[in-house]
$ cat protein-v5.tsv   # TSV, C-alpha atoms
chain	number	residue	atom	x	y	z
J	103	MET	CA	254.46	222.30	-68.49
J	104	GLN	CA	253.53	218.97	-70.05
J	105	ASN	CA	253.63	218.43	-73.75
J	106	LYS	CA	250.18	219.39	-75.03
J	107	ALA	CA	250.51	216.91	-77.90
J	108	GLU	CA	250.56	214.17	-75.34
J	109	VAL	CA	247.22	215.37	-74.04
J	110	SER	CA	245.44	215.27	-77.34
J	111	THR	CA	246.29	211.68	-78.27
J	112	GLY	CA	242.81	210.25	-77.79
J	113	ASN	CA	241.37	209.51	-74.41
J	114	MET	CA	243.94	207.00	-73.24
J	115	LEU	CA	245.58	208.07	-70.00
J	116	SER	CA	249.31	208.60	-69.84
J	117	GLU	CA	251.26	207.25	-66.90
J	118	LYS	CA	251.57	210.75	-65.51
J	119	GLU	CA	247.81	211.25	-65.68
J	120	THR	CA	247.13	207.89	-64.06
J	121	GLY	CA	249.33	209.01	-61.19
J	122	ARG	CA	247.80	212.47	-60.97
J	123	TYR	CA	244.27	211.11	-60.73
J	124	SER	CA	245.08	207.94	-58.78
J	125	ARG	CA	242.97	208.87	-55.76
J	126	GLN	CA	239.86	209.21	-57.87
J	127	ILE	CA	240.69	206.42	-60.32
J	128	SER	CA	240.51	204.07	-57.37
J	129	TYR	CA	236.88	205.16	-57.11
J	130	ILE	CA	235.71	205.78	-60.68
J	131	GLY	CA	238.15	203.45	-62.45
J	132	GLU	CA	240.31	204.24	-65.47
J	133	GLU	CA	237.16	204.12	-67.57
J	134	GLY	CA	235.62	206.89	-65.47
J	135	GLN	CA	238.79	208.95	-65.77
J	136	GLU	CA	238.80	208.44	-69.53
J	137	ARG	CA	235.23	209.66	-69.63
J	138	LEU	CA	236.32	212.80	-67.82
J	139	LYS	CA	239.17	213.20	-70.29
J	140	SER	CA	236.87	212.88	-73.27
J	141	ALA	CA	234.36	215.36	-71.83
J	142	HIS	CA	234.01	218.92	-73.05
J	143	VAL	CA	232.45	221.22	-70.47
J	144	VAL	CA	231.29	224.65	-71.56
J	145	LEU	CA	231.28	226.93	-68.56
J	146	ALA	CA	229.32	230.15	-68.97
J	147	GLY	CA	230.51	232.69	-66.42
J	148	THR	CA	233.91	232.84	-64.75
J	149	GLY	CA	232.79	234.71	-61.63
J	150	GLY	CA	231.82	233.53	-58.16
J	151	LEU	CA	230.30	230.25	-59.36
J	152	GLY	CA	232.49	229.72	-62.39
J	153	CYS	CA	235.84	230.02	-60.61
J	154	PRO	CA	235.37	227.18	-58.12
J	155	ALA	CA	233.51	225.04	-60.67
J	156	ALA	CA	236.28	225.47	-63.24
J	157	ALA	CA	239.05	224.88	-60.71
J	158	TYR	CA	237.65	221.56	-59.53
J	159	LEU	CA	236.75	220.35	-63.02
J	160	CYS	CA	240.26	221.23	-64.12
J	161	ALA	CA	241.80	219.44	-61.15
J	162	ALA	CA	239.55	216.43	-61.82
J	163	GLY	CA	240.88	216.13	-65.37
J	164	VAL	CA	237.96	217.13	-67.59
J	165	GLY	CA	239.56	217.02	-71.04
J	166	ARG	CA	238.35	220.30	-72.44
J	167	LEU	CA	236.99	223.33	-70.65
J	168	THR	CA	235.56	226.27	-72.57
J	169	LEU	CA	235.21	229.46	-70.53
J	170	ILE	CA	232.79	232.15	-71.66
J	171	ASP	CA	232.65	235.62	-70.09
J	172	SER	CA	232.74	239.21	-71.28
J	173	ASP	CA	233.69	240.87	-68.00
J	174	GLN	CA	236.93	242.28	-66.71
J	175	VAL	CA	238.24	241.56	-63.24
J	176	GLU	CA	237.26	244.21	-60.69
J	177	LEU	CA	238.55	244.77	-57.17
J	178	ALA	CA	235.12	243.88	-55.70
J	179	ASN	CA	235.25	240.45	-57.39
J	180	LEU	CA	238.18	239.27	-55.33
J	181	ASN	CA	236.26	238.20	-52.20
J	182	ARG	CA	234.92	235.17	-54.08
J	183	GLN	CA	236.28	234.82	-57.60
J	184	ILE	CA	239.28	232.82	-56.55
J	185	LEU	CA	240.91	232.39	-59.96
J	186	HIS	CA	241.27	236.18	-60.27
J	187	TRP	CA	243.97	237.84	-58.24
J	188	GLU	CA	245.03	241.38	-57.35
J	189	LYS	CA	247.34	241.51	-60.38
J	190	ASP	CA	244.46	240.65	-62.72
J	191	ILE	CA	242.33	243.72	-62.04
J	192	GLY	CA	241.27	245.18	-65.40
J	193	ARG	CA	242.10	242.03	-67.37
J	194	ASN	CA	239.55	239.86	-69.15
J	195	LYS	CA	238.25	237.23	-66.75
J	196	VAL	CA	238.46	234.43	-69.31
J	197	ILE	CA	242.19	235.08	-69.81
J	198	SER	CA	242.87	235.43	-66.09
J	199	ALA	CA	241.01	232.18	-65.35
J	200	ARG	CA	242.60	230.35	-68.25
J	201	GLU	CA	246.12	231.14	-67.06
J	202	LYS	CA	245.47	229.81	-63.55
J	203	LEU	CA	243.77	226.68	-64.83
J	204	GLU	CA	246.57	225.92	-67.29
J	205	ALA	CA	249.12	226.29	-64.53
J	206	MET	CA	247.00	224.09	-62.26
J	207	ASN	CA	246.66	221.21	-64.69
J	208	PRO	CA	248.46	221.26	-68.04
J	209	TRP	CA	246.66	218.08	-69.10
J	210	VAL	CA	243.42	220.00	-69.57
J	211	ILE	CA	242.73	222.01	-72.73
J	212	ILE	CA	241.32	225.40	-71.78
J	213	GLU	CA	239.55	227.60	-74.31
J	214	ASP	CA	238.53	231.17	-73.65
J	215	ILE	CA	235.66	232.96	-75.36
J	216	PHE	CA	235.27	236.66	-74.67
J	217	GLU	CA	231.56	237.05	-75.33
J	218	THR	CA	228.27	237.82	-73.64
J	219	VAL	CA	225.84	234.89	-73.81
J	220	THR	CA	222.76	235.83	-75.85
J	221	MET	CA	219.84	234.03	-77.48
J	222	LYS	CA	221.62	234.51	-80.78
J	223	ASN	CA	225.08	233.16	-79.98
J	224	ALA	CA	224.32	230.58	-77.24
J	225	PRO	CA	223.42	227.64	-79.54
J	226	ALA	CA	226.69	227.92	-81.48
J	227	LEU	CA	228.77	228.55	-78.34
J	228	THR	CA	227.53	225.33	-76.77
J	229	GLU	CA	226.95	222.91	-79.65
J	230	GLN	CA	230.23	221.02	-79.13
J	231	ALA	CA	229.73	220.58	-75.39
J	232	SER	CA	229.11	217.34	-73.56
J	233	LEU	CA	227.60	219.44	-70.85
J	234	ILE	CA	227.02	223.07	-69.93
J	235	ILE	CA	227.47	224.82	-66.63
J	236	ASP	CA	225.34	227.88	-66.02
J	237	ALA	CA	227.50	230.01	-63.76
J	238	LEU	CA	226.07	233.27	-65.06
J	239	ASP	CA	224.85	236.19	-62.98
J	240	ASN	CA	221.62	237.25	-64.66
J	241	PHE	CA	218.49	235.56	-65.90
J	242	SER	CA	218.38	236.91	-69.43
J	243	ALA	CA	221.68	235.17	-70.21
J	244	ARG	CA	220.61	232.13	-68.19
J	245	TYR	CA	217.43	231.81	-70.28
J	246	ALA	CA	219.54	232.07	-73.44
J	247	LEU	CA	221.79	229.27	-72.19
J	248	ASN	CA	218.75	227.16	-71.27
J	249	HIS	CA	217.36	227.68	-74.75
J	250	ALA	CA	220.67	226.56	-76.27
J	251	ALA	CA	220.85	223.50	-74.00
J	252	LEU	CA	217.36	222.47	-75.13
J	253	GLN	CA	218.13	223.15	-78.76
J	254	ASN	CA	221.36	221.13	-78.67
J	255	GLY	CA	220.02	218.44	-76.31
J	256	ILE	CA	222.86	219.00	-73.84
J	257	PRO	CA	222.50	218.76	-70.03
J	258	CYS	CA	222.90	222.09	-68.25
J	259	ILE	CA	223.77	222.48	-64.58
J	260	HIS	CA	222.20	225.63	-63.24
J	261	GLY	CA	223.34	227.39	-60.08
J	262	ALA	CA	222.62	230.81	-58.59
J	263	VAL	CA	223.40	232.67	-55.37
J	264	CYS	CA	222.66	235.75	-53.30
J	265	GLY	CA	223.97	236.61	-49.85
J	266	LEU	CA	223.94	233.36	-47.92
J	267	ASP	CA	221.48	231.64	-50.26
J	268	GLY	CA	222.01	229.47	-53.26
J	269	HIS	CA	220.32	226.85	-55.37
J	270	ILE	CA	221.28	224.31	-57.98
J	271	THR	CA	219.56	221.88	-60.32
J	272	THR	CA	220.56	219.74	-63.28
J	273	VAL	CA	218.49	220.21	-66.41
J	274	ILE	CA	218.39	217.29	-68.82
J	275	PRO	CA	216.52	218.26	-71.98
J	276	GLY	CA	213.38	216.21	-72.53
J	277	ARG	CA	213.67	214.51	-69.16
J	278	THR	CA	213.52	217.23	-66.54
J	279	ALA	CA	212.01	220.61	-65.91
J	280	CYS	CA	214.04	223.23	-67.76
J	281	LEU	CA	215.15	226.54	-66.28
J	282	GLN	CA	212.12	228.29	-67.75
J	283	CYS	CA	209.75	225.67	-66.22
J	284	ILE	CA	211.29	226.22	-62.80
J	285	PHE	CA	211.69	229.99	-62.98
J	286	PRO	CA	209.17	231.30	-65.51
J	287	HIS	CA	209.67	234.83	-64.19
J	288	PRO	CA	213.18	236.15	-63.61
J	289	PRO	CA	214.21	237.18	-60.12
J	290	GLY	CA	215.65	240.66	-60.29
J	291	GLY	CA	219.10	242.05	-59.73
J	292	SER	CA	222.59	240.75	-60.34
J	293	ASP	CA	224.64	243.20	-58.31
J	294	VAL	CA	223.83	241.34	-55.13
J	295	PRO	CA	225.52	241.09	-51.77
J	296	VAL	CA	227.35	237.81	-51.48
J	297	ILE	CA	229.48	236.04	-48.93
J	298	GLY	CA	232.28	234.42	-50.93
J	299	THR	CA	231.71	230.93	-49.63
J	300	THR	CA	228.12	230.87	-50.96
J	301	PRO	CA	229.10	230.74	-54.65
J	302	GLY	CA	232.02	228.57	-53.54
J	303	ILE	CA	229.63	225.95	-52.22
J	304	ILE	CA	227.18	226.15	-55.12
J	305	GLY	CA	229.98	226.27	-57.73
J	306	LEU	CA	231.50	223.14	-56.21
J	307	LEU	CA	228.13	221.42	-56.25
J	308	GLN	CA	227.91	222.29	-59.95
J	309	ALA	CA	231.32	220.70	-60.55
J	310	HIS	CA	230.20	217.73	-58.48
J	311	GLU	CA	227.06	217.29	-60.58
J	312	ALA	CA	229.20	217.51	-63.72
J	313	ILE	CA	231.58	214.79	-62.51
J	314	LYS	CA	228.64	212.53	-61.67
J	315	LEU	CA	226.97	213.12	-65.03
J	316	ILE	CA	230.19	212.47	-66.94
J	317	THR	CA	231.30	209.38	-65.04
J	318	GLY	CA	227.87	207.94	-64.31
J	319	ILE	CA	228.43	207.65	-60.55
J	320	GLY	CA	225.60	208.46	-58.13
J	321	THR	CA	222.43	210.29	-59.10
J	322	VAL	CA	222.21	213.89	-60.22
J	323	LEU	CA	219.74	216.61	-59.25
J	324	GLU	CA	217.21	215.66	-61.91
J	325	ASN	CA	213.90	217.37	-61.27
J	326	ARG	CA	215.17	218.44	-57.87
J	327	LEU	CA	216.12	221.92	-56.78
J	328	LEU	CA	218.69	221.89	-54.01
J	329	ILE	CA	218.41	224.99	-51.84
J	330	TRP	CA	221.35	225.95	-49.67
J	331	ASP	CA	220.72	228.16	-46.64
J	332	GLY	CA	224.02	229.40	-45.29
J	333	ARG	CA	222.46	230.89	-42.13
J	334	ASP	CA	222.30	227.52	-40.45
J	335	SER	CA	224.14	225.55	-43.13
J	336	SER	CA	221.04	223.58	-44.05
J	337	ILE	CA	220.13	221.99	-47.35
J	338	ALA	CA	216.63	221.27	-48.63
J	339	THR	CA	215.62	219.71	-51.91
J	340	VAL	CA	212.29	220.33	-53.53
J	341	HIS	CA	210.65	218.26	-56.21
J	342	LEU	CA	210.24	219.80	-59.66
J	343	GLU	CA	208.36	218.80	-62.75
J	344	ARG	CA	208.11	219.95	-66.35
J	345	ASP	CA	205.56	222.63	-67.03
J	346	PRO	CA	203.48	221.62	-70.07
J	347	GLU	CA	202.85	225.32	-70.67
J	348	CYS	CA	206.56	226.22	-70.52
J	349	ARG	CA	207.58	228.77	-73.15
J	350	ALA	CA	210.93	227.05	-73.67
J	351	CYS	CA	210.07	223.32	-73.57
J	352	GLY	CA	206.28	223.03	-73.21
J	353	ILE	CA	203.81	221.59	-75.71
J	354	ASN	CA	203.59	224.82	-77.71
J	355	SER	CA	207.33	225.50	-77.83
J	356	SER	CA	209.58	225.11	-80.85
J	357	TYR	CA	211.49	222.56	-78.74
J	358	ALA	CA	208.42	220.26	-78.63
J	359	THR	CA	207.83	220.67	-82.35
J	360	ARG	CA	211.42	219.86	-83.21
J	361	THR	CA	211.80	216.86	-80.91
J	362	GLY	CA	208.40	215.42	-81.80
J	363	GLU	CA	207.14	215.77	-78.24
J	364	ARG	CA	204.16	217.71	-79.43
J	365	GLN	CA	201.26	215.33	-80.10
T	259	MET	CA	193.20	224.93	-39.13
T	260	LYS	CA	196.95	224.56	-38.95
T	261	VAL	CA	199.17	224.51	-42.01
T	262	VAL	CA	202.90	223.90	-42.09
T	263	VAL	CA	205.00	226.72	-43.52
T	264	ARG	CA	208.52	226.22	-44.86
T	265	ALA	CA	210.22	229.50	-45.64
T	266	PHE	CA	213.42	229.46	-47.64
T	267	ALA	CA	216.33	231.81	-48.13
T	268	ARG	CA	215.69	235.54	-47.76
T	269	PHE	CA	212.08	234.84	-46.97
T	270	ARG	CA	213.04	232.76	-43.98
T	271	GLU	CA	215.22	235.61	-42.75
T	272	VAL	CA	212.37	238.06	-42.98
T	273	VAL	CA	209.48	235.94	-41.78
T	274	GLY	CA	211.42	234.17	-39.05
T	275	ASP	CA	211.15	230.54	-38.15
T	276	VAL	CA	207.45	229.93	-38.71
T	277	ASN	CA	206.62	226.27	-38.44
T	278	THR	CA	202.87	226.27	-38.41
T	279	LEU	CA	200.31	228.95	-39.04
T	280	ASP	CA	196.72	228.95	-37.82
T	281	ILE	CA	194.39	230.15	-40.56
T	282	PRO	CA	190.59	230.00	-40.88
T	283	GLU	CA	189.04	226.84	-42.30
T	284	GLY	CA	188.65	227.01	-46.06
T	285	SER	CA	191.51	229.48	-46.51
T	286	GLY	CA	193.61	229.34	-49.64
T	287	ILE	CA	197.15	230.19	-50.62
T	288	GLN	CA	196.19	233.81	-51.15
T	289	GLU	CA	194.95	234.12	-47.54
T	290	LEU	CA	198.03	232.35	-46.21
T	291	LEU	CA	200.38	234.68	-48.10
T	292	THR	CA	198.37	237.69	-46.93
T	293	ALA	CA	198.67	236.48	-43.32
T	294	LEU	CA	202.42	236.05	-43.74
T	295	GLY	CA	202.71	239.44	-45.43
T	296	ALA	CA	200.94	241.06	-42.49
T	297	ARG	CA	203.78	240.08	-40.17
T	298	SER	CA	205.94	243.02	-41.31
T	299	HIS	CA	206.42	245.57	-44.07
T	300	GLU	CA	209.50	243.72	-45.23
T	301	CYS	CA	207.53	240.51	-45.45
T	302	ARG	CA	204.80	242.14	-47.47
T	303	ASP	CA	207.29	243.78	-49.83
T	304	LEU	CA	209.00	240.49	-50.44
T	305	LEU	CA	205.75	238.69	-51.26
T	306	PHE	CA	203.61	241.35	-52.94
T	307	ASP	CA	204.20	244.05	-55.54
T	308	GLU	CA	202.91	247.65	-55.28
T	309	GLU	CA	199.50	246.59	-56.62
T	310	GLY	CA	199.18	243.86	-54.00
T	311	ARG	CA	199.76	241.00	-56.42
T	312	VAL	CA	201.97	238.07	-55.42
T	313	ARG	CA	205.38	238.75	-56.95
T	314	GLU	CA	205.79	236.79	-60.16
T	315	HIS	CA	209.15	235.19	-59.42
T	316	ILE	CA	208.21	233.76	-56.01
T	317	ILE	CA	208.00	229.98	-55.99
T	318	VAL	CA	205.14	228.52	-53.96
T	319	MET	CA	204.98	224.80	-53.30
T	320	VAL	CA	202.09	222.95	-51.71
T	321	ASN	CA	202.93	219.54	-50.30
T	322	ARG	CA	206.24	219.70	-52.20
T	323	ARG	CA	204.57	220.31	-55.55
T	324	ARG	CA	205.20	223.51	-57.39
T	325	LEU	CA	202.05	225.61	-57.69
T	326	ALA	CA	201.45	227.22	-61.05
T	327	ARG	CA	201.12	230.97	-60.76
T	328	ASN	CA	197.57	230.99	-62.08
T	329	ALA	CA	196.61	228.43	-59.41
T	330	ILE	CA	197.55	230.68	-56.48
T	331	ALA	CA	194.17	232.39	-56.32
T	332	SER	CA	192.15	229.17	-56.58
T	333	THR	CA	194.12	226.78	-54.36
T	334	VAL	CA	192.34	225.94	-51.11
T	335	LEU	CA	194.35	224.52	-48.24
T	336	SER	CA	193.55	221.67	-45.89
T	337	GLU	CA	194.66	220.93	-42.34
T	338	GLU	CA	198.37	219.99	-42.18
T	339	ASP	CA	199.10	220.99	-45.76
T	340	GLU	CA	202.71	222.08	-46.17
T	341	VAL	CA	203.35	225.33	-47.99
T	342	ALA	CA	206.91	226.19	-48.99
T	343	ILE	CA	207.90	229.63	-50.22
T	344	TYR	CA	211.14	230.37	-52.04
T	345	PRO	CA	212.19	233.69	-53.51
T	346	PRO	CA	214.80	232.48	-56.00
T	347	VAL	CA	218.21	234.08	-56.26
T	348	ALA	CA	219.85	235.17	-59.51
T	349	GLY	CA	223.47	236.08	-58.88
T	350	GLY	CA	226.64	234.25	-59.73
$ encode --input "protein-v5.tsv" --output "structure tokens"
Amino acid sequence: MQNKAEVSTGNMLSEKETGRYSRQISYIGEEGQERLKSAHVVLAGTGGLGCPAAAYLCAAGVGRLTLIDSDQVELANLNRQILHWEKDIGRNKVISAREKLEAMNPWVIIEDIFETVTMKNAPALTEQASLIIDALDNFSARYALNHAALQNGIPCIHGAVCGLDGHITTVIPGRTACLQCIFPHPPGGSDVPVIGTTPGIIGLLQAHEAIKLITGIGTVLENRLLIWDGRDSSIATVHLERDPECRACGINSSYATRTGERQ
Amino acid sequence: MKVVVRAFARFREVVGDVNTLDIPEGSGIQELLTALGARSHECRDLLFDEEGRVREHIIVMVNRRRLARNAIASTVLSEEDEVAIYPPVAGG
């Protein structure tokens, strides 16, 4: 294990880190890597989406990762939740995930929060984040996270899956449609059939969006919903726009009042 | 008239690969969805609730623009319009 103290000395990269990330530094530069190191990603959900997203963000050298989940590892999780292993059955997912991530990359600070995301706690859970990843499995918690992202003005990368289907979009408060604009009515059911690679693909796309947002490379899925169809491995993107009537960010919402968007 | 239909995800599985659908001149979204729903029980169940209303969570896009739910009943289609239907997923 590396000395943690070495990690927390600002955002300068140590020689060891420069070596570890050399393949990506040659693309994003040391400045891009330092941006990753100074980033704090709050990842809600350490299941099918959260495991691959967390693993790749950890490997990429995001400085601080906060994991939030209130579930324990179950046998039926293991087809897709790759940070949880046979020996972890019955343990808290946040602890199981944290251990693997710390072993993977000791230069990343991992925090675990054993809580269910609610309207009440979401704003405080996310207020320190540079960005949020919605890797949850139900829409009531997703709406709570969306609300918190709007309230704190923090980008939130939303992803969801079922079977062979998945979708992802990046919500930037004030600039894009929010989750409630896009999905004003919740789709039902969380105990869905799922082929493990589906959340793998969408979770990785979420990590990919996060890396782009943090480093400034490329363009993110702003006002675009990417829909993955695993039947024929096709991807479609559909255009989105803010809903002026949106309960969460529309003209009559508390968000509009607070940010001065309401005329 | 012919309209282009793009079915996504579970809906595509159920409805099959429909590319265009021939519907009477002056038809709207409601008629198009009814025609699609008539293809099978599964199709109808996916699109409509027990009272025959379009399910609230289904996303309907006309010419790549999201259609507000309250516009479904009043939207009239034209030749070659593209209608996309996506039943969003929720799991993680």
$ atom_distance --input "protein-v5.tsv" --atom1 "CA of Gly274 in chain T" --atom2 "CA of Pro289 in chain J"
21.5 Å
$ residues_around --input "protein-v5.tsv" --residues "Val263 in chain T" --least-positions-apart "3" --cutoff "12 Å" --atoms "only C-alpha atoms" --output "number ranges by chain"
T: 260, 266, 269-270, 273-281, 287, 290-291, 293-294, 318-322, 335, 337-344
$ residues_around --input "protein-v5.tsv" --residues "range 301-314 of chain J" --least-positions-apart "5" --cutoff "7 Å" --atoms "all atoms listed in the file" --output "ChimeraX atom specification"
/J:150-152,154-155,158-159,259,261,263,268-270,319-320,322 /T:350
$ closest_residue --input "protein-v5.tsv" --among "J:Met221, J:Phe216, J:Leu145, J:Gln282" --to "Ser355 in chain J" --atoms "all atoms listed in the file"
J:Gln282
$ residues_around --input "protein-v5.tsv" --residues "Ile191 in chain J" --least-positions-apart "6" --cutoff "7 Å" --atoms "all atoms listed in the file" --output "MDAnalysis selection string"
chainID J and resid 175:177
$ closest_residue --input "protein-v5.tsv" --among "T:Glu271, T:Val262, T:Gly284, T:Arg297" --to "chain J" --atoms "only C-alpha atoms"
T:Glu271
$ interface_residues --input "protein-v5.tsv" --of "chain T" --to "chain J" --cutoff "7 Å" --atoms "all atoms listed in the file" --output "PyMOL selection string"
chain T and resi 267+314-315+322-324+346-350
$ atom_distance --input "protein-v5.tsv" --atom1 "CA of Lys195 in chain J" --atom2 "CA of Pro208 in chain J"
19.0 Å
